[in-house]
file input-v6.cif (mmCIF, C-alpha atoms and all ligand atoms)
data_structure
loop_
_atom_site.label_atom_id
_atom_site.label_comp_id
_atom_site.auth_asym_id
_atom_site.auth_seq_id
_atom_site.Cartn_x
_atom_site.Cartn_y
_atom_site.Cartn_z
CA MET A 1 93.79 53.67 -118.90
CA LYS A 2 92.36 50.27 -119.91
CA ASN A 3 92.51 47.19 -117.72
CA VAL A 4 93.67 43.96 -119.37
CA ILE A 5 93.61 40.31 -118.33
CA ILE A 6 95.99 37.98 -120.17
CA LEU A 7 95.11 34.29 -120.00
CA GLY A 8 97.93 31.91 -120.88
CA SER A 9 100.42 34.68 -120.12
CA THR A 10 103.34 32.25 -119.85
CA GLY A 11 102.95 30.95 -123.42
CA SER A 12 104.18 32.19 -126.77
CA VAL A 13 101.21 34.50 -127.48
CA GLY A 14 100.92 35.42 -123.78
CA THR A 15 104.51 36.64 -123.53
CA SER A 16 104.15 38.54 -126.83
CA ALA A 17 100.99 40.16 -125.40
CA LEU A 18 102.97 41.27 -122.36
CA GLU A 19 105.63 42.74 -124.67
CA VAL A 20 102.91 44.73 -126.42
CA VAL A 21 101.55 45.99 -123.09
CA ARG A 22 105.09 46.87 -121.94
CA ASN A 23 105.32 49.11 -125.01
CA LEU A 24 101.91 50.70 -124.30
CA ARG A 25 102.27 50.96 -120.52
CA HIS A 26 100.82 54.48 -120.39
CA GLN A 27 97.48 53.17 -121.74
CA TYR A 28 97.08 49.60 -120.54
CA LYS A 29 97.28 48.13 -117.06
CA VAL A 30 97.57 44.37 -116.54
CA VAL A 31 95.08 43.45 -113.81
CA GLY A 32 95.10 39.66 -114.22
CA LEU A 33 97.33 36.89 -115.53
CA SER A 34 96.91 33.12 -115.80
CA ALA A 35 99.20 30.12 -116.26
CA ASN A 36 98.87 26.38 -116.06
CA SER A 37 102.08 25.26 -114.34
CA ARG A 38 104.95 27.61 -115.18
CA TRP A 39 104.92 29.31 -111.79
CA ASP A 40 108.48 30.66 -112.11
CA LEU A 41 107.71 32.69 -115.23
CA LEU A 42 104.37 33.75 -113.72
CA ALA A 43 106.30 35.02 -110.66
CA GLU A 44 108.55 37.15 -112.89
CA GLN A 45 105.45 38.53 -114.62
CA ILE A 46 103.79 39.36 -111.29
CA ASN A 47 106.91 41.19 -110.14
CA GLU A 48 107.08 43.24 -113.33
CA PHE A 49 103.40 43.95 -114.10
CA GLU A 50 101.90 43.89 -110.57
CA PRO A 51 98.46 42.47 -111.45
CA LYS A 52 95.72 42.48 -108.80
CA SER A 53 95.16 38.75 -109.18
CA VAL A 54 96.43 35.69 -111.01
CA SER A 55 95.38 32.11 -111.64
CA LEU A 56 97.75 29.16 -111.47
CA VAL A 57 95.81 26.06 -112.48
CA GLU A 58 98.31 23.58 -111.00
CA GLY A 59 97.89 24.37 -107.30
CA LYS A 60 100.85 22.25 -106.19
CA TRP A 61 103.16 25.13 -107.16
CA LEU A 62 101.38 27.67 -104.94
CA ASP A 63 104.02 27.75 -102.18
CA ASP A 64 106.86 28.12 -104.67
CA LEU A 65 105.02 30.95 -106.40
CA GLN A 66 104.23 32.75 -103.15
CA LYS A 67 107.87 32.60 -102.05
CA LYS A 68 108.92 34.34 -105.27
CA VAL A 69 106.48 37.24 -104.86
CA PRO A 70 106.76 38.02 -101.11
CA GLU A 71 106.35 41.77 -101.43
CA LYS A 72 103.34 41.77 -103.73
CA SER A 73 99.72 42.09 -102.71
CA VAL A 74 98.48 39.79 -105.44
CA ARG A 75 95.55 37.44 -105.03
CA ILE A 76 96.52 33.98 -106.25
CA ARG A 77 93.79 31.54 -107.19
CA THR A 78 94.48 27.90 -108.03
CA GLY A 79 92.63 25.01 -109.62
CA LYS A 80 90.69 24.51 -112.85
CA GLU A 81 87.92 26.93 -111.87
CA SER A 82 90.37 29.69 -111.01
CA VAL A 83 90.58 31.05 -114.56
CA CYS A 84 86.82 31.69 -114.74
CA GLU A 85 86.81 33.12 -111.19
CA LEU A 86 89.54 35.56 -112.19
CA ILE A 87 87.55 36.65 -115.25
CA ALA A 88 84.30 37.03 -113.28
CA GLN A 89 85.78 38.91 -110.35
CA GLU A 90 88.35 41.25 -111.88
CA ASP A 91 87.25 44.48 -113.43
CA ALA A 92 88.71 44.46 -116.94
CA ASP A 93 87.95 46.06 -120.30
CA ILE A 94 89.55 43.36 -122.39
CA VAL A 95 90.65 39.76 -121.91
CA ILE A 96 93.30 38.27 -124.19
CA SER A 97 92.79 34.50 -124.27
CA ALA A 98 96.02 32.74 -125.22
CA ILE A 99 95.32 29.46 -123.45
CA VAL A 100 96.10 26.49 -125.70
CA GLY A 101 93.48 23.90 -126.61
CA ALA A 102 90.05 22.99 -125.27
CA ALA A 103 91.00 24.31 -121.80
CA GLY A 104 90.30 27.78 -123.22
CA LEU A 105 86.60 27.15 -123.91
CA PRO A 106 85.14 27.82 -120.40
CA ALA A 107 87.27 30.97 -120.21
CA ALA A 108 85.99 32.29 -123.56
CA ILE A 109 82.40 31.72 -122.46
CA GLU A 110 83.00 33.40 -119.10
CA VAL A 111 84.48 36.48 -120.79
CA ILE A 112 81.41 36.78 -123.01
CA LYS A 113 79.03 36.24 -120.07
CA THR A 114 80.64 39.12 -118.20
CA GLY A 115 80.32 41.34 -121.29
CA LYS A 116 84.06 42.02 -121.53
CA THR A 117 85.81 42.26 -124.89
CA LEU A 118 87.43 38.98 -125.88
CA ALA A 119 90.69 39.16 -127.83
CA LEU A 120 90.84 35.57 -128.95
CA ALA A 121 94.00 33.66 -129.86
CA ASN A 122 92.57 30.37 -128.57
CA LYS A 123 90.98 29.28 -131.87
CA GLU A 124 90.09 25.86 -130.42
CA ALA A 125 87.23 27.46 -128.42
CA LEU A 126 85.52 28.60 -131.63
CA VAL A 127 86.21 25.33 -133.42
CA MET A 128 84.51 23.46 -130.58
CA ALA A 129 81.59 25.75 -129.86
CA GLY A 130 81.32 28.55 -132.43
CA ASN A 131 77.57 27.85 -132.67
CA ILE A 132 77.22 28.76 -128.97
CA ILE A 133 79.88 31.46 -128.63
CA MET A 134 78.92 33.71 -131.55
CA PRO A 135 75.18 34.05 -130.75
CA MET A 136 75.99 34.46 -127.04
CA ALA A 137 78.43 37.29 -127.79
CA LYS A 138 75.78 38.98 -129.93
CA GLU A 139 73.15 38.63 -127.24
CA ARG A 140 75.41 39.94 -124.45
CA GLY A 141 76.90 42.72 -126.58
CA ALA A 142 80.40 41.32 -126.05
CA GLN A 143 82.91 41.97 -128.79
CA ILE A 144 85.20 39.21 -130.08
CA LEU A 145 88.39 40.47 -131.70
CA PRO A 146 90.65 38.04 -133.55
CA VAL A 147 94.27 37.65 -132.47
CA ASP A 148 95.13 34.81 -134.85
CA SER A 149 97.20 36.60 -137.50
CA GLU A 150 95.13 35.42 -140.49
CA HIS A 151 91.86 36.39 -138.86
CA SER A 152 93.22 39.73 -137.74
CA ALA A 153 94.28 40.26 -141.38
CA ILE A 154 90.78 39.39 -142.61
CA PHE A 155 89.22 41.62 -139.94
CA GLN A 156 91.46 44.51 -140.99
CA ALA A 157 90.93 43.93 -144.73
CA MET A 158 87.15 43.78 -144.20
CA MET A 159 87.31 47.35 -142.91
CA ALA A 160 87.81 48.40 -146.57
CA GLY A 161 84.16 47.65 -147.41
CA ASN A 162 80.82 46.46 -146.08
CA ARG A 163 80.26 42.91 -144.91
CA ASN A 164 77.63 42.26 -147.59
CA GLU A 165 80.18 43.26 -150.25
CA VAL A 166 82.61 40.47 -149.27
CA LYS A 167 82.83 37.77 -151.93
CA ARG A 168 85.40 35.46 -150.31
CA VAL A 169 88.40 35.36 -148.04
CA VAL A 170 91.77 33.77 -148.78
CA ILE A 171 93.62 32.45 -145.74
CA THR A 172 97.36 32.18 -146.22
CA ALA A 173 99.40 29.28 -144.84
CA SER A 174 103.18 29.09 -144.61
CA GLY A 175 102.98 25.43 -145.60
CA GLY A 176 105.05 24.49 -142.55
CA PRO A 177 108.39 22.68 -142.52
CA PHE A 178 107.23 19.96 -144.96
CA CYS A 179 105.93 22.20 -147.71
CA ASN A 180 108.53 20.83 -150.15
CA HIS A 181 108.94 17.41 -148.57
CA PRO A 182 107.92 14.43 -150.77
CA LYS A 183 104.55 12.99 -149.75
CA GLU A 184 105.89 9.41 -149.57
CA LYS A 185 108.48 10.44 -146.98
CA LEU A 186 106.12 12.29 -144.65
CA SER A 187 105.52 9.20 -142.51
CA GLN A 188 109.22 9.16 -141.57
CA VAL A 189 109.66 12.77 -140.47
CA THR A 190 110.96 13.25 -136.92
CA LEU A 191 109.52 15.25 -134.06
CA GLU A 192 112.50 17.60 -134.23
CA GLU A 193 111.86 18.28 -137.94
CA ALA A 194 108.17 18.88 -137.29
CA LEU A 195 108.96 21.35 -134.50
CA LYS A 196 111.16 23.49 -136.78
CA HIS A 197 108.68 26.01 -138.17
CA PRO A 198 110.16 28.08 -141.00
CA THR A 199 108.58 31.46 -140.21
CA TRP A 200 106.83 31.52 -136.80
CA GLN A 201 108.04 30.88 -133.23
CA MET A 202 105.08 29.31 -131.41
CA GLY A 203 104.03 26.83 -128.73
CA GLN A 204 104.54 23.12 -129.48
CA LYS A 205 100.92 22.21 -130.17
CA ILE A 206 100.31 24.86 -132.82
CA THR A 207 103.75 24.19 -134.33
CA ILE A 208 102.77 20.56 -134.98
CA ASP A 209 99.34 21.74 -136.21
CA SER A 210 101.17 24.00 -138.68
CA ALA A 211 103.25 21.08 -139.94
CA THR A 212 100.19 18.85 -140.57
CA LEU A 213 98.16 21.87 -141.80
CA MET A 214 95.60 21.02 -139.12
CA ASN A 215 96.19 24.59 -137.97
CA LYS A 216 94.72 25.78 -141.28
CA ALA A 217 91.83 23.32 -140.82
CA LEU A 218 91.11 24.90 -137.44
CA GLU A 219 91.45 28.36 -139.00
CA ILE A 220 88.89 27.60 -141.72
CA ILE A 221 86.36 26.72 -139.01
CA GLU A 222 87.45 29.75 -136.94
CA ALA A 223 86.91 32.05 -139.96
CA LYS A 224 83.50 30.56 -140.69
CA TRP A 225 82.28 31.44 -137.20
CA LEU A 226 84.06 34.75 -136.71
CA PHE A 227 82.98 36.27 -140.02
CA ASN A 228 79.75 34.34 -140.59
CA LEU A 229 81.00 32.90 -143.89
CA ASP A 230 79.86 29.98 -145.96
CA THR A 231 82.61 27.36 -146.39
CA THR A 232 82.56 28.02 -150.16
CA GLN A 233 83.71 31.58 -149.41
CA ILE A 234 86.91 30.41 -147.67
CA ASP A 235 90.01 29.59 -149.71
CA VAL A 236 93.46 28.61 -148.51
CA ILE A 237 96.70 29.41 -150.32
CA ILE A 238 100.24 28.41 -149.43
CA HIS A 239 102.49 31.45 -149.07
CA PRO A 240 105.83 30.31 -147.63
CA GLU A 241 107.19 33.80 -146.80
CA SER A 242 104.29 34.59 -144.39
CA ILE A 243 104.24 38.26 -145.43
CA ILE A 244 100.62 38.44 -146.60
CA HIS A 245 98.63 37.33 -143.58
CA SER A 246 95.34 36.87 -145.49
CA LEU A 247 93.17 38.56 -148.12
CA VAL A 248 89.58 39.61 -148.67
CA GLU A 249 88.02 39.75 -152.12
CA PHE A 250 85.10 42.15 -152.52
CA CYS A 251 82.25 41.83 -155.02
CA ASP A 252 83.77 44.40 -157.37
CA GLY A 253 86.93 42.32 -157.77
CA SER A 254 89.10 44.37 -155.39
CA VAL A 255 91.34 42.20 -153.25
CA ILE A 256 92.61 43.74 -150.01
CA ALA A 257 95.58 42.09 -148.29
CA GLN A 258 97.11 42.77 -144.89
CA MET A 259 100.89 42.47 -144.87
CA GLY A 260 103.85 42.72 -142.53
CA LEU A 261 106.83 40.77 -141.30
CA PRO A 262 105.62 37.74 -139.31
CA SER A 263 105.14 38.92 -135.72
CA MET A 264 102.24 38.13 -133.42
CA LYS A 265 102.76 41.53 -131.78
CA VAL A 266 100.91 43.21 -134.67
CA PRO A 267 97.59 41.31 -134.42
CA ILE A 268 97.77 41.30 -130.60
CA GLN A 269 98.27 45.07 -130.53
CA PHE A 270 95.51 45.67 -133.07
CA ALA A 271 93.06 43.70 -130.92
CA LEU A 272 94.09 45.81 -127.92
CA THR A 273 93.95 49.22 -129.56
CA TYR A 274 91.03 48.58 -131.96
CA PRO A 275 89.45 50.65 -133.49
CA HIS A 276 92.59 52.81 -133.27
CA ARG A 277 96.23 52.15 -134.06
CA GLU A 278 99.27 52.94 -131.94
CA ASN A 279 102.99 52.98 -132.72
CA GLY A 280 104.21 49.40 -132.81
CA ASN A 281 107.57 48.06 -131.76
CA VAL A 282 108.10 45.97 -134.91
CA GLN A 283 110.48 45.93 -137.87
CA ASN A 284 109.48 47.72 -141.10
CA LEU A 285 108.53 45.68 -144.14
CA ASP A 286 111.12 46.08 -146.91
CA LEU A 287 109.53 44.60 -150.03
CA ALA A 288 112.53 45.30 -152.28
CA LYS A 289 114.72 43.32 -149.91
CA LEU A 290 112.27 40.41 -149.94
CA ALA A 291 112.05 40.63 -153.74
CA ASN A 292 109.73 37.64 -154.18
CA LEU A 293 106.46 36.54 -152.68
CA THR A 294 105.36 33.08 -153.76
CA PHE A 295 102.03 31.25 -153.73
CA LEU A 296 101.06 27.61 -154.24
CA GLN A 297 97.85 25.63 -154.30
CA PRO A 298 97.62 23.47 -151.14
CA ASP A 299 97.97 19.72 -151.71
CA MET A 300 95.07 18.04 -149.89
CA ASP A 301 96.31 14.52 -150.65
CA LYS A 302 99.62 15.27 -149.02
CA PHE A 303 98.00 17.17 -146.14
CA PRO A 304 94.66 15.39 -145.50
CA ALA A 305 94.09 17.46 -142.34
CA LEU A 306 93.17 20.39 -144.55
CA LYS A 307 90.47 18.36 -146.24
CA LEU A 308 89.14 17.31 -142.83
CA GLY A 309 88.94 20.99 -141.89
CA TYR A 310 86.90 21.88 -144.96
CA GLU A 311 84.58 18.93 -144.37
CA ALA A 312 84.10 19.76 -140.69
CA ALA A 313 83.40 23.41 -141.55
CA LYS A 314 80.84 22.35 -144.16
CA GLU A 315 79.10 19.67 -142.07
CA GLY A 316 79.15 21.74 -138.88
CA GLY A 317 77.52 20.12 -135.83
CA THR A 318 79.84 18.11 -133.59
CA ASN A 319 82.46 17.62 -136.34
CA GLY A 320 84.50 20.63 -135.16
CA VAL A 321 84.70 19.59 -131.51
CA THR A 322 85.50 16.01 -132.51
CA LEU A 323 88.21 17.08 -134.94
CA ASN A 324 89.75 19.33 -132.29
CA ALA A 325 89.71 16.81 -129.43
CA ALA A 326 91.03 13.93 -131.55
CA ASN A 327 93.75 16.22 -132.87
CA GLU A 328 94.80 17.35 -129.37
CA VAL A 329 95.22 13.75 -128.25
CA ALA A 330 96.98 12.71 -131.48
CA VAL A 331 99.38 15.67 -131.36
CA GLN A 332 100.24 14.87 -127.74
CA ALA A 333 100.93 11.25 -128.76
CA PHE A 334 103.19 12.47 -131.58
CA LEU A 335 105.00 14.79 -129.14
CA GLU A 336 105.55 11.74 -126.93
CA ARG A 337 106.89 9.82 -129.98
CA LYS A 338 104.08 7.25 -129.74
CA ILE A 339 102.76 7.69 -133.30
CA LYS A 340 104.02 8.74 -136.73
CA PHE A 341 103.45 12.21 -138.13
CA THR A 342 101.01 10.91 -140.75
CA ASP A 343 99.01 9.05 -138.07
CA ILE A 344 97.72 12.36 -136.70
CA ALA A 345 95.29 13.11 -139.56
CA LYS A 346 94.43 9.41 -139.95
CA LEU A 347 93.36 9.18 -136.30
CA VAL A 348 91.34 12.37 -136.50
CA ASP A 349 89.55 11.15 -139.63
CA LYS A 350 88.78 7.79 -138.05
CA VAL A 351 87.30 9.33 -134.88
CA ILE A 352 85.20 11.86 -136.84
CA GLN A 353 83.75 9.02 -138.94
CA LYS A 354 82.96 6.97 -135.85
CA HIS A 355 81.45 9.62 -133.59
CA ASN A 356 77.79 10.16 -132.95
CA PHE A 357 77.07 13.27 -135.07
CA VAL A 358 74.77 15.92 -133.60
CA GLN A 359 73.70 18.67 -136.02
CA ASP A 360 72.93 21.50 -133.62
CA PRO A 361 74.78 20.63 -130.40
CA ASP A 362 74.22 22.37 -127.08
CA MET A 363 77.02 22.69 -124.54
CA LYS A 364 76.28 19.25 -123.11
CA ASP A 365 76.49 17.61 -126.56
CA ILE A 366 79.76 19.44 -127.19
CA MET A 367 81.35 18.27 -123.96
CA LEU A 368 80.14 14.71 -124.60
CA ALA A 369 81.60 14.73 -128.12
CA ASP A 370 84.88 16.13 -126.76
CA ASP A 371 85.06 13.40 -124.13
CA TYR A 372 84.17 10.65 -126.61
CA ALA A 373 86.76 11.82 -129.15
CA ARG A 374 89.53 11.93 -126.53
CA LYS A 375 88.73 8.44 -125.25
CA GLU A 376 88.31 6.98 -128.73
CA THR A 377 91.58 8.48 -129.99
CA LYS A 378 93.42 7.13 -126.93
CA LYS A 379 91.86 3.71 -127.57
CA CYS A 380 93.21 3.78 -131.14
CA LEU A 381 96.68 4.46 -129.73
CA LEU A 382 96.81 1.26 -127.74
P1 LIG A 401 101.77 27.89 -125.59
O1 LIG A 401 101.82 26.43 -125.41
O2 LIG A 401 103.05 28.61 -125.85
O3 LIG A 401 101.08 28.58 -124.31
C1 LIG A 401 99.87 28.09 -123.80
C2 LIG A 401 99.46 28.85 -122.57
O4 LIG A 401 98.27 28.23 -122.03
C3 LIG A 401 100.49 28.82 -121.44
O5 LIG A 401 100.39 29.99 -120.69
C4 LIG A 401 100.03 27.62 -120.60
O6 LIG A 401 100.47 27.66 -119.25
C5 LIG A 401 98.52 27.78 -120.68
N1 LIG A 401 97.81 26.52 -120.48
C6 LIG A 401 98.13 25.29 -120.96
N2 LIG A 401 97.25 24.37 -120.56
C7 LIG A 401 96.34 25.02 -119.78
C8 LIG A 401 95.19 24.60 -119.03
N3 LIG A 401 94.82 23.33 -119.01
N4 LIG A 401 94.51 25.56 -118.36
C9 LIG A 401 94.90 26.84 -118.36
N5 LIG A 401 95.97 27.29 -119.03
C10 LIG A 401 96.70 26.39 -119.74
O7 LIG A 401 100.73 28.17 -126.76
P2 LIG A 401 100.70 29.38 -127.82
O8 LIG A 401 100.94 30.67 -127.13
O9 LIG A 401 101.52 29.02 -128.99
O10 LIG A 401 99.19 29.31 -128.30
C11 LIG A 401 98.11 29.73 -127.49
C12 LIG A 401 96.85 29.77 -128.33
O11 LIG A 401 96.99 30.78 -129.33
C13 LIG A 401 96.55 28.48 -129.08
O12 LIG A 401 95.17 28.30 -129.13
C14 LIG A 401 97.09 28.73 -130.47
O13 LIG A 401 96.41 27.99 -131.45
C15 LIG A 401 96.81 30.22 -130.62
N6 LIG A 401 97.70 30.91 -131.55
C16 LIG A 401 99.05 30.90 -131.31
C17 LIG A 401 99.91 31.57 -132.16
C18 LIG A 401 101.38 31.65 -131.88
O14 LIG A 401 102.09 32.39 -132.59
N7 LIG A 401 101.90 30.97 -130.90
C19 LIG A 401 99.41 32.23 -133.39
C20 LIG A 401 97.96 32.21 -133.50
C21 LIG A 401 97.17 31.56 -132.62
P3 LIG A 401 101.93 27.05 -118.82
O15 LIG A 401 102.95 27.87 -119.56
O16 LIG A 401 101.98 27.24 -117.36
O17 LIG A 401 101.91 25.63 -119.29
MG MG A 402 97.17 31.62 -137.56
#
call {"tool": "encode", "arguments": {"input": "input-v6.cif", "output": "structure tokens"}}
result
Amino acid sequence: MKNVIILGSTGSVGTSALEVVRNLRHQYKVVGLSANSRWDLLAEQINEFEPKSVSLVEGKWLDDLQKKVPEKSVRIRTGKESVCELIAQEDADIVISAIVGAAGLPAAIEVIKTGKTLALANKEALVMAGNIIMPMAKERGAQILPVDSEHSAIFQAMMAGNRNEVKRVVITASGGPFCNHPKEKLSQVTLEEALKHPTWQMGQKITIDSATLMNKALEIIEAKWLFNLDTTQIDVIIHPESIIHSLVEFCDGSVIAQMGLPSMKVPIQFALTYPHRENGNVQNLDLAKLANLTFLQPDMDKFPALKLGYEAAKEGGTNGVTLNAANEVAVQAFLERKIKFTDIAKLVDKVIQKHNFVQDPDMKDIMLADDYARKETKKCLL
């Protein structure tokens, strides 16, 4: 029996992770869960999975939560620090981090400090502080397993050879809802249109990131850190059907792809069961029924976020944290209908250009850059 903590259990990846655990109940026990404010869903999860302890960041919902779980002997922690306390104090083999945004960074670091295995969906943590996280994981002997579908695909495809035989990776992108939309009309797209992702059901932030292709920008930086790649070894290709989740090209010309119908349950389960595989509760892939898989070169003029991602990956330093923070603020402003869709990448670009670049940032530099980028982006909104 393995003990699992699921952070961000009330979100899209979090609930899929619980579905995976429900299917593998004989092998995995949920010992901890965390949510930000959705106490009602957290209560349902406590009643079903009976974790030893949970974290609810927004403490004002504590009474409501307690009333919903009267019979359970669960320890409930609240406040910002409660996620790290849960990680430090619960005995777990693996922690799935499905918190959205920069809020996931302290949690990722805490998991590594405690030497637990980190199954990471929260790509923003690596984008912000990959230069700190990766060496720390190595030093502490903590394993980081990718949950992001593209990175899980690369991780699985890399198992076909040795690391020093990898020539390049190709990250696939669905292209989002505006793949075939004319560039000139992108500034007029609505929030509702941007939230309609063609192939994946996800949380709002990553759905907007997928529409701007900022998600792919974040994934380029994530891949660089996770697999220790040079930016020149990372390509992106648009693949609207989302059947091939990414590819690895080896030095002999062999290209290994990982495929399957789009479902986050597959990469989540692989991170849980690695290095083994278990029966999955997913639909079979019927290639004849699909008939066609299509591929397109990404258009960086139409989707400037992608270009920003490549540049930030290449330059390194504080560019990643700045890109991420400015994007979080800009996406929130778009969700609140304060800016146009095309303003998101423009704002991010502007703040990256303006910020005080540090080549090899420590944690303090990273937090300062994050703070600066948030304030500066908000200033640009006024
Ligand atoms: P959701 O918005 O659906 O869920 C986010 C989760 O994080 C919720 O449980 C939420 O709690 C919690 N949360 C939000 N803010 C905070 C905070 N300040 N402190 C602690 N917890 C917080 O996001 P997704 O599940 O879509 O995405 C989660 C992460 O996984 C992101 O980094 C995303 O990029 C990545 N990812 C997602 C994929 C997907 O298919 N959705 C695919 C690949 C990667 P509450 O519900 O209470 O607000
Ligand atoms: Mg992805």
call {"tool": "atom_distance", "arguments": {"input": "input-v6.cif", "atom1": "CA of Leu229 (chain A)", "atom2": "CA of Met128 (chain A)"}}
result
16.7 Å
call {"tool": "closest_atom_pairs", "arguments": {"input": "input-v6.cif", "of": "chain A", "to": "ligand LIG 401 (chain A)", "cutoff": "7 Å", "atoms": "all atoms listed in the file", "output": "CSV"}}
result
residue,atom,partner,partner_atom,distance
A:Leu7,CA,A:LIG401,O5,6.8
A:Gly8,CA,A:LIG401,O5,3.1
A:Ser9,CA,A:LIG401,O5,4.7
A:Thr10,CA,A:LIG401,O5,3.8
A:Gly11,CA,A:LIG401,O3,3.1
A:Ser12,CA,A:LIG401,O8,3.6
A:Val13,CA,A:LIG401,O8,3.9
A:Gly14,CA,A:LIG401,O8,5.8
A:Ser34,CA,A:LIG401,N5,6.7
A:Ala35,CA,A:LIG401,O6,4.1
A:Asn36,CA,A:LIG401,O16,3.5
A:Ser37,CA,A:LIG401,O16,3.6
A:Arg38,CA,A:LIG401,O16,3.7
A:Trp39,CA,A:LIG401,O16,6.6
A:Val57,CA,A:LIG401,C9,6.0
A:Lys80,CA,A:LIG401,N4,6.8
A:Ala98,CA,A:LIG401,C11,4.3
A:Ile99,CA,A:LIG401,O4,3.5
A:Val100,CA,A:LIG401,C13,3.9
A:Gly101,CA,A:LIG401,O12,5.3
A:Ala103,CA,A:LIG401,N3,4.8
A:Gly104,CA,A:LIG401,C9,6.8
A:Ala121,CA,A:LIG401,O11,4.2
A:Asn122,CA,A:LIG401,O12,3.4
A:Lys123,CA,A:LIG401,O12,5.1
A:Glu124,CA,A:LIG401,O12,5.8
A:Val147,CA,A:LIG401,C20,6.7
A:Asp148,CA,A:LIG401,C20,4.1
A:Ser149,CA,A:LIG401,C20,6.0
A:Trp200,CA,A:LIG401,O14,6.4
A:Gln201,CA,A:LIG401,O14,6.2
A:Met202,CA,A:LIG401,N7,3.6
A:Gly203,CA,A:LIG401,O9,3.3
A:Gln204,CA,A:LIG401,O1,5.9
A:Lys205,CA,A:LIG401,O1,6.4
A:Ile206,CA,A:LIG401,O13,5.2
A:Met264,CA,A:LIG401,O14,5.8
call {"tool": "closest_atom_pairs", "arguments": {"input": "input-v6.cif", "of": "chain A", "to": "ligand MG 402 (chain A)", "cutoff": "12 Å", "atoms": "only C-alpha atoms and all ligand atoms", "output": "tab-separated table"}}
result
residue	atom	partner	partner_atom	distance
A:Val13	CA	A:MG402	MG	11.2
A:Leu120	CA	A:MG402	MG	11.4
A:Ala121	CA	A:MG402	MG	8.6
A:Asn122	CA	A:MG402	MG	10.2
A:Lys123	CA	A:MG402	MG	8.7
A:Glu124	CA	A:MG402	MG	11.6
A:Pro146	CA	A:MG402	MG	10.0
A:Val147	CA	A:MG402	MG	8.4
A:Asp148	CA	A:MG402	MG	4.7
A:Ser149	CA	A:MG402	MG	5.0
A:Glu150	CA	A:MG402	MG	5.2
A:His151	CA	A:MG402	MG	7.3
A:Ser152	CA	A:MG402	MG	9.0
A:Ala153	CA	A:MG402	MG	9.9
A:Ile154	CA	A:MG402	MG	11.3
A:Ile171	CA	A:MG402	MG	9.0
A:Thr172	CA	A:MG402	MG	8.7
A:Ala173	CA	A:MG402	MG	8.0
A:Ser174	CA	A:MG402	MG	9.6
A:Gly175	CA	A:MG402	MG	11.7
A:Gly176	CA	A:MG402	MG	11.7
A:Thr199	CA	A:MG402	MG	11.7
A:Trp200	CA	A:MG402	MG	9.7
A:Gln201	CA	A:MG402	MG	11.7
A:Met202	CA	A:MG402	MG	10.3
A:Ile206	CA	A:MG402	MG	8.8
A:Thr207	CA	A:MG402	MG	10.4
A:Asp209	CA	A:MG402	MG	10.2
A:Ser210	CA	A:MG402	MG	8.7
A:Leu213	CA	A:MG402	MG	10.7
A:Met214	CA	A:MG402	MG	10.8
A:Asn215	CA	A:MG402	MG	7.1
A:Lys216	CA	A:MG402	MG	7.3
A:Ala217	CA	A:MG402	MG	10.4
A:Leu218	CA	A:MG402	MG	9.0
A:Glu219	CA	A:MG402	MG	6.7
A:Ile220	CA	A:MG402	MG	10.1
A:Ile221	CA	A:MG402	MG	12.0
A:Glu222	CA	A:MG402	MG	9.9
A:Ala223	CA	A:MG402	MG	10.5
A:Val236	CA	A:MG402	MG	11.9
A:Ser242	CA	A:MG402	MG	10.3
A:Ile244	CA	A:MG402	MG	11.8
A:His245	CA	A:MG402	MG	8.4
A:Ser246	CA	A:MG402	MG	9.7
A:Pro262	CA	A:MG402	MG	10.6
A:Ser263	CA	A:MG402	MG	11.0
A:Met264	CA	A:MG402	MG	9.2
A:Pro267	CA	A:MG402	MG	10.2
A:Ile268	CA	A:MG402	MG	11.9
call {"tool": "closest_residue", "arguments": {"input": "input-v6.cif", "among": "A:Phe357, A:Gly161, A:Lys29, A:Leu335", "to": "Leu195 (chain A)", "atoms": "all atoms listed in the file"}}
result
A:Leu335
call {"tool": "closest_residue", "arguments": {"input": "input-v6.cif", "among": "A:His276, A:Gln269, A:Gln297, A:Trp225", "to": "Ile237 (chain A)", "atoms": "only C-alpha atoms"}}
result
A:Gln297
call {"tool": "atom_distance", "arguments": {"input": "input-v6.cif", "atom1": "CA of Gln89 (chain A)", "atom2": "CA of Val74 (chain A)"}}
result
13.6 Å
call {"tool": "residues_around", "arguments": {"input": "input-v6.cif", "residues": "Ala108 (chain A)", "least_positions_apart": "4", "cutoff": "9 Å", "atoms": "all atoms listed in the file", "output": "list in words"}}
result
Cys84, Val95, Ser97, Gly104, Ile112, Lys113, Leu118, Leu120, Asn122, Ala125, Leu126 and Ile133 of chain A
call {"tool": "closest_residue", "arguments": {"input": "input-v6.cif", "among": "A:Val30, A:Gln233, A:Lys289, A:Arg140", "to": "Phe250 (chain A)", "atoms": "only C-alpha atoms"}}
result
A:Gln233
call {"tool": "closest_residue", "arguments": {"input": "input-v6.cif", "among": "A:Glu139, A:Asp40, A:Glu241, A:Asp360", "to": "Met259 (chain A)", "atoms": "all atoms listed in the file"}}
result
A:Glu241
call {"tool": "atom_distance", "arguments": {"input": "input-v6.cif", "atom1": "CA of Gln143 (chain A)", "atom2": "CA of Val20 (chain A)"}}
result
20.3 Å
call {"tool": "closest_residue", "arguments": {"input": "input-v6.cif", "among": "A:Glu193, A:Asp362, A:Glu249, A:Asp93", "to": "Ala160 (chain A)", "atoms": "all atoms listed in the file"}}
result
A:Glu249
call {"tool": "closest_residue", "arguments": {"input": "input-v6.cif", "among": "A:Ala345, A:Ala325, A:Ala17, A:Ile94", "to": "Ala119 (chain A)", "atoms": "all atoms listed in the file"}}
result
A:Ile94
